[in-house]
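One file, entry31.txt, carrying compact mmCIF, C-alpha atoms and all ligand atoms:
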# COMPACT_ATOMS: atom_id res chain seq x y z
CA MET A 422 76.60 84.00 100.11
CA LYS A 423 73.22 84.40 98.51
CA ASP A 424 71.35 84.11 101.83
CA PHE A 425 69.89 87.37 103.10
CA VAL A 426 66.79 89.44 103.84
CA ILE A 427 65.67 92.57 102.01
CA LYS A 428 63.29 94.92 103.79
CA GLY A 429 61.25 97.63 102.11
CA GLN A 430 57.91 98.40 100.47
CA ILE A 431 57.60 95.17 98.53
CA VAL A 432 55.37 94.74 95.48
CA ASP A 433 55.02 91.85 93.02
CA SER A 434 52.18 90.20 91.10
CA GLU A 435 49.77 87.80 92.72
CA SER A 436 48.24 87.01 89.30
CA PRO A 437 48.21 88.65 85.84
CA ASP A 438 45.49 91.00 87.11
CA ARG A 439 46.52 91.68 90.71
CA LEU A 440 49.42 93.28 92.47
CA ARG A 441 50.50 92.00 95.88
CA ILE A 442 51.79 94.59 98.33
CA ALA A 443 53.71 94.03 101.55
CA GLU A 444 54.28 97.33 103.33
CA ASN A 445 57.42 97.21 105.41
CA GLY A 446 57.80 93.61 104.35
CA ALA A 447 60.75 91.23 104.62
CA LEU A 448 61.80 89.30 101.51
CA VAL A 449 63.80 86.23 102.50
CA VAL A 450 66.37 84.80 100.08
CA THR A 451 68.41 81.62 100.48
CA GLU A 452 70.82 80.27 97.87
CA GLY A 453 69.63 83.05 95.54
CA LEU A 454 66.02 81.85 95.67
CA CYS A 455 63.03 83.60 97.23
CA ARG A 456 61.62 81.94 100.33
CA GLY A 457 58.68 84.32 100.59
CA VAL A 458 57.65 87.79 101.72
CA PHE A 459 56.78 88.13 105.40
CA PRO A 460 55.55 90.91 107.72
CA GLU A 461 58.54 90.13 109.99
CA VAL A 462 61.59 87.93 109.49
CA PRO A 463 60.46 84.43 110.62
CA GLU A 464 62.34 82.85 113.51
CA ARG A 465 63.96 80.19 111.30
CA PHE A 466 65.61 82.91 109.19
CA ALA A 467 66.58 85.12 112.15
CA GLY A 468 70.33 84.79 111.62
CA LEU A 469 70.38 86.09 108.03
CA PRO A 470 71.95 89.46 107.23
CA VAL A 471 69.32 92.16 106.60
CA THR A 472 69.51 95.03 104.11
CA ASP A 473 66.82 97.52 105.07
CA PHE A 474 65.83 99.75 102.17
CA GLY A 475 63.39 101.63 104.42
CA ASP A 476 60.66 103.42 102.49
CA ARG A 477 62.01 102.48 99.06
CA LEU A 478 60.03 100.23 96.72
CA VAL A 479 61.24 96.67 96.09
CA ILE A 480 59.88 95.03 92.93
CA PRO A 481 60.83 92.09 90.68
CA GLY A 482 63.42 92.67 87.96
CA MET A 483 62.13 93.03 84.42
CA SER A 484 62.67 90.75 81.42
CA ASP A 485 63.03 92.37 78.00
CA LEU A 486 62.01 89.60 75.61
CA HIS A 487 63.29 91.31 72.45
CA ILE A 488 66.00 93.92 72.00
CA HIS A 489 68.54 94.52 69.20
CA ALA A 490 71.87 95.42 70.83
CA SER A 491 73.22 96.23 67.37
CA GLN A 492 70.57 98.91 66.82
CA PHE A 493 71.18 100.76 70.08
CA ALA A 494 73.38 103.39 68.42
CA PHE A 495 70.63 104.62 66.08
CA ARG A 496 67.75 104.55 68.54
CA GLY A 497 65.58 107.64 68.20
CA LEU A 498 66.48 108.04 64.51
CA GLY A 499 64.71 107.10 61.30
CA MET A 500 61.16 106.70 62.55
CA ASP A 501 59.64 107.88 59.28
CA MET A 502 59.29 104.52 57.53
CA GLU A 503 57.57 101.19 57.82
CA LEU A 504 59.44 97.96 58.52
CA LEU A 505 60.85 96.85 55.17
CA ASP A 506 62.03 100.31 54.04
CA TRP A 507 63.26 101.00 57.57
CA LEU A 508 65.41 97.84 57.49
CA ASN A 509 66.97 98.71 54.12
CA THR A 510 67.49 102.40 54.82
CA TYR A 511 68.65 102.49 58.42
CA THR A 512 69.04 99.08 59.99
CA PHE A 513 71.16 97.08 57.56
CA PRO A 514 73.72 99.89 57.03
CA GLU A 515 74.05 100.26 60.83
CA GLU A 516 74.37 96.51 61.44
CA ALA A 517 77.04 96.24 58.72
CA LYS A 518 79.33 98.39 60.88
CA PHE A 519 79.75 95.50 63.32
CA ARG A 520 82.18 93.90 60.90
CA ASP A 521 84.66 96.25 62.57
CA PRO A 522 85.56 94.99 66.09
CA GLY A 523 86.49 98.51 67.19
CA TYR A 524 83.03 99.80 66.32
CA ALA A 525 81.41 96.76 67.95
CA GLU A 526 83.38 97.29 71.15
CA ARG A 527 82.27 100.92 71.45
CA ALA A 528 78.66 100.44 70.37
CA TYR A 529 78.08 97.33 72.50
CA GLY A 530 79.83 99.00 75.44
CA GLY A 531 77.24 101.78 75.39
CA PHE A 532 74.41 99.28 75.05
CA THR A 533 75.60 97.06 77.89
CA GLU A 534 76.11 99.92 80.32
CA ALA A 535 72.63 101.31 79.54
CA LEU A 536 71.06 97.89 80.07
CA ARG A 537 72.96 97.30 83.31
CA ARG A 538 71.63 100.56 84.76
CA SER A 539 68.08 100.03 83.43
CA PRO A 540 65.17 98.16 85.08
CA THR A 541 66.05 95.08 82.99
CA THR A 542 67.54 92.05 84.74
CA ARG A 543 67.13 89.52 81.90
CA ALA A 544 66.92 89.96 78.15
CA ALA A 545 66.69 88.12 74.83
CA VAL A 546 69.08 89.99 72.57
CA PHE A 547 69.75 90.18 68.82
CA ALA A 548 73.32 90.93 67.71
CA THR A 549 74.25 90.85 63.98
CA VAL A 550 75.50 88.23 61.50
CA HIS A 551 79.07 88.78 62.73
CA PRO A 552 80.33 86.02 65.11
CA ALA A 553 83.32 87.94 66.48
CA ALA A 554 81.27 91.01 67.35
CA THR A 555 78.57 88.80 68.88
CA LEU A 556 81.14 87.15 71.17
CA LEU A 557 82.36 90.61 72.13
CA LEU A 558 78.82 91.60 73.11
CA MET A 559 78.44 88.38 75.10
CA GLU A 560 81.70 89.05 76.93
CA GLN A 561 80.44 92.49 77.96
CA LEU A 562 77.03 91.17 79.03
CA GLU A 563 78.65 88.37 81.02
CA ALA A 564 80.74 90.94 82.89
CA SER A 565 77.64 93.08 83.58
CA GLY A 566 75.98 90.46 85.80
CA LEU A 567 72.78 90.46 83.72
CA ARG A 568 71.30 87.15 82.57
CA THR A 569 70.77 87.11 78.83
CA CYS A 570 70.24 85.01 75.74
CA VAL A 571 72.14 86.46 72.79
CA GLY A 572 71.74 85.58 69.12
CA LYS A 573 74.14 85.81 66.23
CA VAL A 574 71.70 86.70 63.46
CA ASN A 575 71.26 84.44 60.42
CA MET A 576 70.34 85.90 57.01
CA ASP A 577 71.33 84.45 53.63
CA ARG A 578 68.81 86.00 51.20
CA ASN A 579 66.77 89.12 50.43
CA CYS A 580 69.11 91.61 52.03
CA PRO A 581 72.01 93.72 50.70
CA ASP A 582 75.21 91.86 49.79
CA TYR A 583 77.21 93.86 52.32
CA ILE A 584 75.38 92.13 55.19
CA ARG A 585 74.15 88.89 53.62
CA GLU A 586 75.80 85.60 54.58
CA PRO A 587 76.96 84.15 51.24
CA ASP A 588 75.18 80.78 51.46
CA PRO A 589 73.46 78.54 54.02
CA GLU A 590 76.53 76.33 54.51
CA ARG A 591 78.75 79.20 55.57
CA SER A 592 76.02 80.76 57.70
CA LEU A 593 75.56 77.46 59.54
CA ALA A 594 79.30 76.81 59.94
CA ALA A 595 79.84 80.29 61.41
CA THR A 596 76.84 79.78 63.70
CA GLU A 597 78.07 76.44 65.00
CA GLU A 598 81.53 77.80 65.67
CA TRP A 599 79.99 80.73 67.53
CA ILE A 600 77.73 78.41 69.60
CA CYS A 601 80.70 76.28 70.66
CA ALA A 602 82.76 79.33 71.64
CA ALA A 603 79.85 80.83 73.59
CA LEU A 604 79.00 77.61 75.44
CA ASP A 605 82.66 77.28 76.34
CA ARG A 606 83.19 80.81 77.60
CA PHE A 607 80.02 82.07 79.28
CA THR A 608 77.81 81.04 82.17
CA ASN A 609 75.06 83.67 82.32
CA THR A 610 75.07 84.65 78.65
CA LYS A 611 73.53 81.88 76.56
CA PRO A 612 73.41 81.47 72.79
CA ILE A 613 69.95 81.57 71.19
CA LEU A 614 69.35 80.69 67.54
CA THR A 615 68.26 83.79 65.64
CA PRO A 616 67.00 83.47 62.08
CA ARG A 617 66.20 87.15 61.48
CA PHE A 618 62.81 86.43 59.88
CA ILE A 619 61.47 84.24 57.08
CA PRO A 620 62.20 86.74 54.27
CA THR A 621 65.96 86.69 54.94
CA CYS A 622 66.36 82.95 55.61
CA SER A 623 66.43 80.28 52.89
CA ASP A 624 64.82 76.88 53.42
CA ALA A 625 68.24 75.23 53.56
CA LEU A 626 69.31 77.66 56.28
CA MET A 627 66.17 77.05 58.34
CA ALA A 628 66.57 73.27 58.04
CA GLY A 629 70.21 73.56 59.12
CA LEU A 630 69.32 75.76 62.09
CA LYS A 631 66.91 73.08 63.26
CA ARG A 632 69.77 70.57 63.21
CA LEU A 633 71.82 72.95 65.37
CA GLN A 634 68.81 73.53 67.64
CA ARG A 635 68.61 69.76 68.28
CA ARG A 636 72.35 69.19 68.55
CA TYR A 637 72.86 71.88 71.20
CA GLY A 638 69.36 72.02 72.75
CA LEU A 639 69.08 75.75 72.13
CA PRO A 640 66.14 78.15 72.31
CA THR A 641 65.15 80.23 69.27
CA GLN A 642 63.96 83.79 68.61
CA SER A 643 62.65 85.63 65.57
CA HIS A 644 59.98 88.03 64.26
CA LEU A 645 56.37 87.18 63.39
CA SER A 646 53.40 88.94 61.78
CA GLU A 647 54.63 92.44 62.50
CA ASN A 648 53.77 94.41 59.35
CA TYR A 649 51.31 93.99 56.45
CA GLY A 650 53.97 94.26 53.71
CA GLU A 651 56.13 91.69 55.51
CA ILE A 652 53.22 89.26 55.92
CA ALA A 653 52.29 89.52 52.22
CA TRP A 654 55.93 88.87 51.29
CA VAL A 655 56.08 85.74 53.47
CA LYS A 656 52.95 84.44 51.71
CA GLU A 657 54.81 84.76 48.40
CA LEU A 658 58.02 83.23 49.74
CA ALA A 659 56.32 80.31 51.52
CA PRO A 660 53.19 79.59 49.46
CA ASP A 661 52.76 76.13 51.00
CA SER A 662 52.62 77.42 54.56
CA ALA A 663 49.18 77.86 56.12
CA HIS A 664 50.33 81.10 57.78
CA TYR A 665 53.51 82.95 58.76
CA GLY A 666 53.97 80.93 61.95
CA ASP A 667 53.70 77.73 59.92
CA ALA A 668 56.62 78.91 57.76
CA TYR A 669 58.79 78.52 60.92
CA ASP A 670 56.95 75.50 62.25
CA ARG A 671 57.48 73.36 59.14
CA PHE A 672 61.20 73.52 60.01
CA GLY A 673 60.53 72.81 63.69
CA MET A 674 61.64 76.37 64.53
CA PHE A 675 58.46 77.46 66.32
CA GLY A 676 58.61 76.13 69.87
CA GLY A 677 57.06 72.81 70.78
CA ASP A 678 60.25 70.92 71.60
CA HIS A 679 62.23 74.05 72.57
CA ARG A 680 61.79 77.52 74.10
CA CYS A 681 60.90 80.07 71.44
CA ILE A 682 60.22 83.81 71.36
CA MET A 683 58.41 85.47 68.48
CA ALA A 684 58.46 89.27 68.49
CA HIS A 685 55.34 91.29 67.65
CA CYS A 686 52.42 89.03 66.54
CA VAL A 687 50.50 92.21 65.76
CA HIS A 688 48.45 90.66 62.95
CA SER A 689 48.38 86.96 63.88
CA GLY A 690 45.25 85.13 62.70
CA GLU A 691 43.30 82.52 64.63
CA GLU A 692 45.18 79.51 63.24
CA GLU A 693 48.53 81.13 63.98
CA LEU A 694 47.39 81.91 67.54
CA GLU A 695 46.30 78.30 68.02
CA LEU A 696 49.74 77.10 66.97
CA ILE A 697 51.43 79.67 69.23
CA LYS A 698 49.40 78.29 72.12
CA ARG A 699 49.92 74.64 71.27
CA ASN A 700 53.69 75.10 70.90
CA GLY A 701 54.05 77.34 73.97
CA VAL A 702 55.68 80.11 71.92
CA PHE A 703 56.39 83.31 73.88
CA ILE A 704 55.05 86.49 72.29
CA ALA A 705 57.33 89.52 72.79
CA HIS A 706 54.99 92.51 72.74
CA SER A 707 56.92 95.60 71.64
CA PRO A 708 54.44 98.48 71.79
CA GLU A 709 56.76 101.41 71.16
CA SER A 710 58.31 99.76 68.12
CA ASN A 711 54.86 98.89 66.80
CA MET A 712 53.92 102.58 67.03
CA ASN A 713 57.20 104.01 65.68
CA ILE A 714 57.30 101.95 62.53
CA ALA A 715 53.52 102.06 62.27
CA SER A 716 53.01 98.30 62.40
CA GLY A 717 49.80 98.35 64.44
CA VAL A 718 48.88 97.34 67.99
CA ALA A 719 48.72 93.71 69.08
CA PRO A 720 45.54 92.75 71.02
CA ILE A 721 47.40 91.76 74.18
CA SER A 722 44.52 91.51 76.64
CA ARG A 723 42.91 89.01 74.22
CA TYR A 724 46.15 87.02 74.11
CA LEU A 725 46.11 86.89 77.90
CA GLU A 726 42.50 85.70 77.89
CA LEU A 727 43.48 82.98 75.42
CA GLY A 728 46.16 81.83 77.88
CA LEU A 729 49.10 82.63 75.59
CA ARG A 730 52.57 83.27 76.99
CA VAL A 731 53.26 86.98 76.60
CA GLY A 732 56.08 89.23 77.77
CA LEU A 733 57.04 92.81 77.09
CA ALA A 734 59.92 94.06 75.00
CA THR A 735 61.58 97.31 73.99
CA ASP A 736 62.69 96.16 70.49
CA VAL A 737 65.37 98.84 70.30
CA ALA A 738 65.73 100.45 67.75
CA GLY A 739 62.19 100.03 66.44
CA GLY A 740 61.60 101.12 70.01
CA SER A 741 63.64 104.19 70.88
CA HIS A 742 64.29 103.36 74.52
CA GLU A 743 65.74 100.44 76.46
CA SER A 744 63.67 101.17 79.59
CA MET A 745 61.09 98.54 80.45
CA PHE A 746 59.26 101.23 82.46
CA ARG A 747 58.54 102.89 79.15
CA ALA A 748 57.51 99.58 77.60
CA ILE A 749 54.91 99.20 80.38
CA THR A 750 53.43 102.65 79.87
CA HIS A 751 53.52 102.35 76.08
CA ALA A 752 51.74 98.98 76.30
CA ILE A 753 48.95 100.52 78.35
CA GLN A 754 48.67 103.62 76.15
CA ALA A 755 48.70 101.67 72.86
CA SER A 756 46.05 99.27 74.19
CA LYS A 757 43.79 102.20 75.09
CA LEU A 758 44.03 103.72 71.62
CA ARG A 759 43.40 100.33 70.05
CA TRP A 760 40.32 99.85 72.26
CA ARG A 761 38.97 103.33 71.57
CA LEU A 762 39.68 103.47 67.86
CA LYS A 763 39.65 99.91 66.57
CA ASP A 764 37.91 97.26 68.64
CA GLN A 765 36.04 97.76 71.90
CA ARG A 766 35.83 93.99 72.46
CA VAL A 767 39.54 93.94 73.33
CA LYS A 768 39.95 95.66 76.68
CA PRO A 769 42.81 98.06 77.41
CA LEU A 770 45.61 96.69 79.59
CA SER A 771 45.47 97.65 83.24
CA PHE A 772 48.58 98.81 85.08
CA ALA A 773 48.64 95.52 87.01
CA GLN A 774 48.53 93.51 83.77
CA ALA A 775 51.31 95.49 82.08
CA PHE A 776 53.46 95.22 85.23
CA TRP A 777 52.87 91.46 85.24
CA LEU A 778 53.88 91.21 81.56
CA ALA A 779 57.16 93.05 82.23
CA THR A 780 58.05 90.91 85.25
CA ALA A 781 56.36 87.50 85.50
CA GLY A 782 55.16 87.21 81.89
CA GLY A 783 58.58 87.61 80.29
CA GLY A 784 60.41 86.17 83.29
CA ALA A 785 58.79 82.78 82.65
CA PHE A 786 60.97 82.42 79.53
CA PHE A 787 64.02 82.35 81.82
CA GLY A 788 62.58 79.89 84.37
CA GLN A 789 61.03 80.73 87.72
CA VAL A 790 61.64 84.45 87.44
CA GLY A 791 59.64 87.66 87.86
CA ARG A 792 57.81 87.16 91.16
CA PHE A 793 58.81 86.82 94.80
CA GLU A 794 57.09 83.44 95.09
CA GLU A 795 58.83 80.63 96.99
CA GLY A 796 61.45 78.99 94.76
CA PHE A 797 61.72 81.89 92.30
CA GLU A 798 65.17 83.26 91.49
CA LEU A 799 65.71 86.59 93.19
CA ASP A 800 65.70 89.30 90.52
CA ALA A 801 64.80 92.59 92.20
CA LEU A 802 64.89 96.35 91.71
CA VAL A 803 64.98 98.83 94.56
CA LEU A 804 63.37 102.09 93.44
CA ASP A 805 63.98 105.42 95.12
CA ASP A 806 61.12 107.74 94.19
CA GLY A 807 62.21 110.46 96.59
CA ASN A 808 62.78 112.98 93.80
CA LEU A 809 59.31 112.49 92.29
CA PHE A 810 57.57 115.34 94.04
CA HIS A 811 54.09 114.97 95.49
CA PRO A 812 52.54 117.39 98.03
CA GLN A 813 50.96 114.58 100.09
CA PRO A 814 51.98 111.09 101.18
CA LEU A 815 50.98 108.40 98.65
CA ASP A 816 50.20 104.75 99.23
CA VAL A 817 52.61 102.11 97.93
CA ARG A 818 50.51 101.11 94.93
CA SER A 819 50.22 104.75 93.79
CA ARG A 820 53.95 105.25 94.29
CA LEU A 821 54.72 102.24 92.10
CA GLU A 822 52.40 103.31 89.29
CA ARG A 823 53.82 106.83 89.38
CA ALA A 824 57.40 105.59 89.48
CA VAL A 825 56.84 103.44 86.40
CA TYR A 826 55.45 106.45 84.52
CA LEU A 827 57.93 109.04 85.81
CA ALA A 828 61.13 107.28 86.84
CA ASP A 829 64.30 106.83 84.84
CA ASP A 830 67.46 104.84 85.51
CA ARG A 831 68.54 107.26 88.25
CA ASN A 832 65.61 106.01 90.33
CA VAL A 833 66.91 102.43 90.21
CA PHE A 834 68.74 102.52 93.54
CA ALA A 835 69.79 98.87 93.65
CA LYS A 836 69.50 95.83 91.42
CA TYR A 837 69.73 92.11 92.15
CA VAL A 838 70.01 89.40 89.49
CA ALA A 839 69.66 85.73 90.49
CA GLY A 840 70.50 86.58 94.08
CA THR A 841 73.53 88.78 93.34
CA ARG A 842 73.49 92.53 93.93
CA LEU A 843 74.87 94.35 90.86
CA PHE A 844 74.79 97.85 92.41
N1 LIG B 901 61.97 92.15 61.26
C1 LIG B 901 63.13 91.72 60.77
N2 LIG B 901 64.18 92.39 61.27
C2 LIG B 901 63.66 93.28 62.13
C3 LIG B 901 64.25 94.26 62.98
O1 LIG B 901 65.44 94.46 63.04
N3 LIG B 901 63.38 94.99 63.74
C4 LIG B 901 62.04 94.79 63.69
N4 LIG B 901 61.24 95.54 64.47
N5 LIG B 901 61.47 93.88 62.91
C5 LIG B 901 62.27 93.13 62.13
FE FE B 902 63.00 93.27 66.40
Can I see the file as structure tokens?
Ligand code: GUN
Ligand code: FE
Amino acid sequence: MKDFVIKGQIVDSESPDRLRIAENGALVVTEGLCRGVFPEVPERFAGLPVTDFGDRLVIPGMSDLHIHASQFAFRGLGMDMELLDWLNTYTFPEEAKFRDPGYAERAYGGFTEALRRSPTTRAAVFATVHPAATLLLMEQLEASGLRTCVGKVNMDRNCPDYIREPDPERSLAATEEWICAALDRFTNTKPILTPRFIPTCSDALMAGLKRLQRRYGLPTQSHLSENYGEIAWVKELAPDSAHYGDAYDRFGMFGGDHRCIMAHCVHSGEEELELIKRNGVFIAHSPESNMNIASGVAPISRYLELGLRVGLATDVAGGSHESMFRAITHAIQASKLRWRLKDQRVKPLSFAQAFWLATAGGGAFFGQVGRFEEGFELDALVLDDGNLFHPQPLDVRSRLERAVYLADDRNVFAKYVAGTRLF
């Protein structure tokens, strides 16, 4: 049963700017949903089984809004180029290997196990153009207990023949077949439409994806305004679009009537930001990737002030690491450099803000996820920071901040996803 109480040093976000701390608190869960955090277990919940994690930290699970499972094997390699050269030199040759189911099985096995052990409880994942390999990945993720959206990638132009789908009709037919198989076979691993980005998707393909979006009621994910060369190219390819976001929107593939994630938004202009807000598009901020392939730094505290929906992402393998702890620290560090070197009107992110982005900000894409508020699904991490030496006792807030900077997967002592304990 998914009815229980977790005791420990409980921290979640009260708001985007404030942590909420319950020392020696009791987190009550019924039917997999949070009922609240209390100083003691209330009388009406007295019969529930209790797991007491003692002095360990209990925090919400993290949502990675953008990660390429198919790039996991070459993470930490090839960081010497910008986006378009990086794709042609490293990324497309690696993704082409997923034609081979044996390679896919091994590579996705490593990815899935790393993600299962990581601070991530939910993720929006890119696979490759290959339907069979994508189903294999979904099978592994389903078995892991994580909750994910996974996309078979679409690309029918402007990429090497060895990875290009031959025409829009065959790309769409393969996509629809994959959607039907995925909807049939998986419960916690959902298909998400994934046009790679405007440069690799013809108009006919985008129009066809919108038909599939409507037919199956699916969410969408893609890349937006990441790199100057990319943005200039989109202007050439879509001269009638007011901006990059409009090049998706004119096909109805930019939120509004469906859930949509756009990764990066480093260089989005005012009109594009207005459309992002109007259509409720989620921005997946990927700070390490933006540094590695020298894209720039998105002004995230401004996006929060504008009331945009923002989450954090690792963007492996633009980002080298699947840990959302690292995404939090990189987001803070990148924002400080941006503030110091580029624009002092855009404040650096605080620890509380970056923690909120990783939990509640991205969690909102998946529903009521990322806080311990009444009615929220119980995604939780139990952190054991016992090996992180300090000569004096620290308060809970300090322990959390330090754990996010210093911890790795070995410090994730237990993990719950939607009310189920994975380990
Ligand atoms: N834009 C299009 N494809 C990609 C990709 O694989 N990674 C990143 N970071 N940006 C992209
Ligand atoms: Fe990406």
Within 7 Å of ligand FE 902 (chain B) (all atoms listed in the file), residues as an MDAnalysis selection string
chainID A and resid 487:489 644 684 736 739
Would you mind listing, for every residue of chain A within 9 Å of ligand LIG 901 (chain B), the two atoms forming the shortest contact and the distance between them in Å to one decimal, using all atoms listed in the file, sorted by chain and ascending residue number, as a tab-separated table?
residue	atom	partner	partner_atom	distance
A:Ile488	CA	B:LIG901	N3	8.7
A:His489	CA	B:LIG901	O1	6.9
A:Gln492	CA	B:LIG901	O1	7.8
A:Leu504	CA	B:LIG901	N5	6.3
A:Leu505	CA	B:LIG901	N1	7.8
A:Trp507	CA	B:LIG901	N3	8.6
A:Leu508	CA	B:LIG901	O1	6.5
A:Thr512	CA	B:LIG901	O1	6.6
A:Phe513	CA	B:LIG901	O1	8.3
A:Phe547	CA	B:LIG901	O1	8.4
A:Arg617	CA	B:LIG901	C1	5.6
A:Phe618	CA	B:LIG901	C1	5.4
A:Ile619	CA	B:LIG901	C1	8.5
A:Pro620	CA	B:LIG901	C1	8.2
A:Thr621	CA	B:LIG901	C1	8.2
A:Ser643	CA	B:LIG901	C1	7.8
A:His644	CA	B:LIG901	N1	5.5
A:Leu645	CA	B:LIG901	N1	7.8
A:Glu647	CA	B:LIG901	N5	7.0
A:Asn648	CA	B:LIG901	N5	8.5
A:Glu651	CA	B:LIG901	N1	8.2
A:Ala684	CA	B:LIG901	N5	7.8
A:His685	CA	B:LIG901	N4	7.9
A:Ser707	CA	B:LIG901	N4	8.4
A:Ser710	CA	B:LIG901	N4	6.3
A:Asn711	CA	B:LIG901	N4	7.6
A:Ile714	CA	B:LIG901	N4	7.8
A:Ser716	CA	B:LIG901	N4	8.9
A:Asp736	CA	B:LIG901	N4	6.2
A:Val737	CA	B:LIG901	N3	7.9
A:Ala738	CA	B:LIG901	N3	7.2
A:Gly739	CA	B:LIG901	N4	5.0
A:Gly740	CA	B:LIG901	N4	7.9
Closest to A:Phe793 among A:Asn609, A:Ser722, A:Thr780, A:Thr841, using only C-alpha atoms?
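Of the candidates, the smallest distance to A:Phe793 is held by A:Thr780.
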Within 10 Å of stretch 748-759 of chain A, counting only C-alpha atoms, which residues qualify if same-chain residues fewer than 3 places away don't, as a compact mmCIF listing (two decimals) with C-alpha atoms, in the frame of the given file?
# COMPACT_ATOMS: atom_id res chain seq x y z
CA ASP A 485 63.03 92.37 78.00
CA HIS A 706 54.99 92.51 72.74
CA SER A 707 56.92 95.60 71.64
CA PRO A 708 54.44 98.48 71.79
CA GLU A 709 56.76 101.41 71.16
CA SER A 710 58.31 99.76 68.12
CA ASN A 711 54.86 98.89 66.80
CA MET A 712 53.92 102.58 67.03
CA GLY A 717 49.80 98.35 64.44
CA VAL A 718 48.88 97.34 67.99
CA ALA A 719 48.72 93.71 69.08
CA PRO A 720 45.54 92.75 71.02
CA ILE A 721 47.40 91.76 74.18
CA SER A 722 44.52 91.51 76.64
CA LEU A 733 57.04 92.81 77.09
CA ALA A 734 59.92 94.06 75.00
CA THR A 735 61.58 97.31 73.99
CA ASP A 736 62.69 96.16 70.49
CA GLY A 740 61.60 101.12 70.01
CA HIS A 742 64.29 103.36 74.52
CA GLU A 743 65.74 100.44 76.46
CA SER A 744 63.67 101.17 79.59
CA MET A 745 61.09 98.54 80.45
CA LEU A 762 39.68 103.47 67.86
CA LYS A 763 39.65 99.91 66.57
CA ASP A 764 37.91 97.26 68.64
CA GLN A 765 36.04 97.76 71.90
CA VAL A 767 39.54 93.94 73.33
CA LYS A 768 39.95 95.66 76.68
CA PRO A 769 42.81 98.06 77.41
CA LEU A 770 45.61 96.69 79.59
CA SER A 771 45.47 97.65 83.24
CA PHE A 772 48.58 98.81 85.08
CA ALA A 773 48.64 95.52 87.01
CA GLN A 774 48.53 93.51 83.77
CA ALA A 775 51.31 95.49 82.08
CA PHE A 776 53.46 95.22 85.23
CA TRP A 777 52.87 91.46 85.24
CA LEU A 778 53.88 91.21 81.56
CA ALA A 779 57.16 93.05 82.23
CA GLU A 822 52.40 103.31 89.29
CA VAL A 825 56.84 103.44 86.40
CA TYR A 826 55.45 106.45 84.52
CA LEU A 827 57.93 109.04 85.81
Neighbouring residues of A:Asn808 were defined as those with any atom within 12 Å, considering only C-alpha atoms; residues of the same chain fewer than 3 positions away were excluded. Please report them as a PyMOL selection string.
chain A and resi 477+804-805+811-812+820+823-824+827-829+831-833
Please list as a list in words every residue within 8 Å of stretch 785-789 of chain A, counting only C-alpha atoms and excluding residues in the same chain fewer than 3 positions away.
Arg543, Arg680, Phe703, Ala781, Gly782, Arg792, Gly796, Phe797 and Glu798 of chain A
Need to verify the contact set: A:Ile480, 9 Å, all atoms listed in the file, exclusion of same-chain residues closer than 5 positions in sequence. Can you return it as number ranges by chain?
A: 430-433, 780, 791-793, 800-804, 821
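Coordinates place atom CA of A:Val790 at a distance of 9.7 Å from atom CA of A:Leu454.
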Would you work out the distance separating atom CA of A:Glu794 from atom CA of A:Gly457, expressed in Å to one decimal?
5.8 Å
Atoms kept (C-alpha atoms) for stretch 602-627 of chain A, as an mmCIF file, in the first residue's frame:
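Result written to selection-v9.cif:
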data_model
loop_
_atom_site.group_PDB
_atom_site.id
_atom_site.type_symbol
_atom_site.label_atom_id
_atom_site.label_comp_id
_atom_site.auth_asym_id
_atom_site.auth_seq_id
_atom_site.Cartn_x
_atom_site.Cartn_y
_atom_site.Cartn_z
ATOM 1 C CA ALA A 602 3.378 0.405 -29.305
ATOM 2 C CA ALA A 603 4.440 2.643 -26.403
ATOM 3 C CA LEU A 604 0.889 3.506 -25.336
ATOM 4 C CA ASP A 605 0.073 -0.183 -25.435
ATOM 5 C CA ARG A 606 3.043 -1.416 -23.433
ATOM 6 C CA PHE A 607 3.964 1.160 -20.793
ATOM 7 C CA THR A 608 2.295 2.854 -17.856
ATOM 8 C CA ASN A 609 4.944 5.147 -16.376
ATOM 9 C CA THR A 610 6.942 5.763 -19.547
ATOM 10 C CA LYS A 611 5.008 8.037 -21.881
ATOM 11 C CA PRO A 612 5.708 8.974 -25.491
ATOM 12 C CA ILE A 613 6.500 12.638 -26.166
ATOM 13 C CA LEU A 614 6.757 14.083 -29.679
ATOM 14 C CA THR A 615 10.339 15.124 -30.367
ATOM 15 C CA PRO A 616 11.146 17.109 -33.495
ATOM 16 C CA ARG A 617 14.893 17.534 -32.885
ATOM 17 C CA PHE A 618 14.895 21.245 -33.794
ATOM 18 C CA ILE A 619 13.704 23.390 -36.689
ATOM 19 C CA PRO A 620 16.859 22.933 -38.814
ATOM 20 C CA THR A 621 16.360 19.146 -39.071
ATOM 21 C CA CYS A 622 12.568 19.111 -39.538
ATOM 22 C CA SER A 623 10.802 19.940 -42.807
ATOM 23 C CA ASP A 624 7.509 21.836 -42.852
ATOM 24 C CA ALA A 625 5.670 18.693 -43.956
ATOM 25 C CA LEU A 626 7.134 16.792 -41.008
ATOM 26 C CA MET A 627 6.162 19.501 -38.513
#
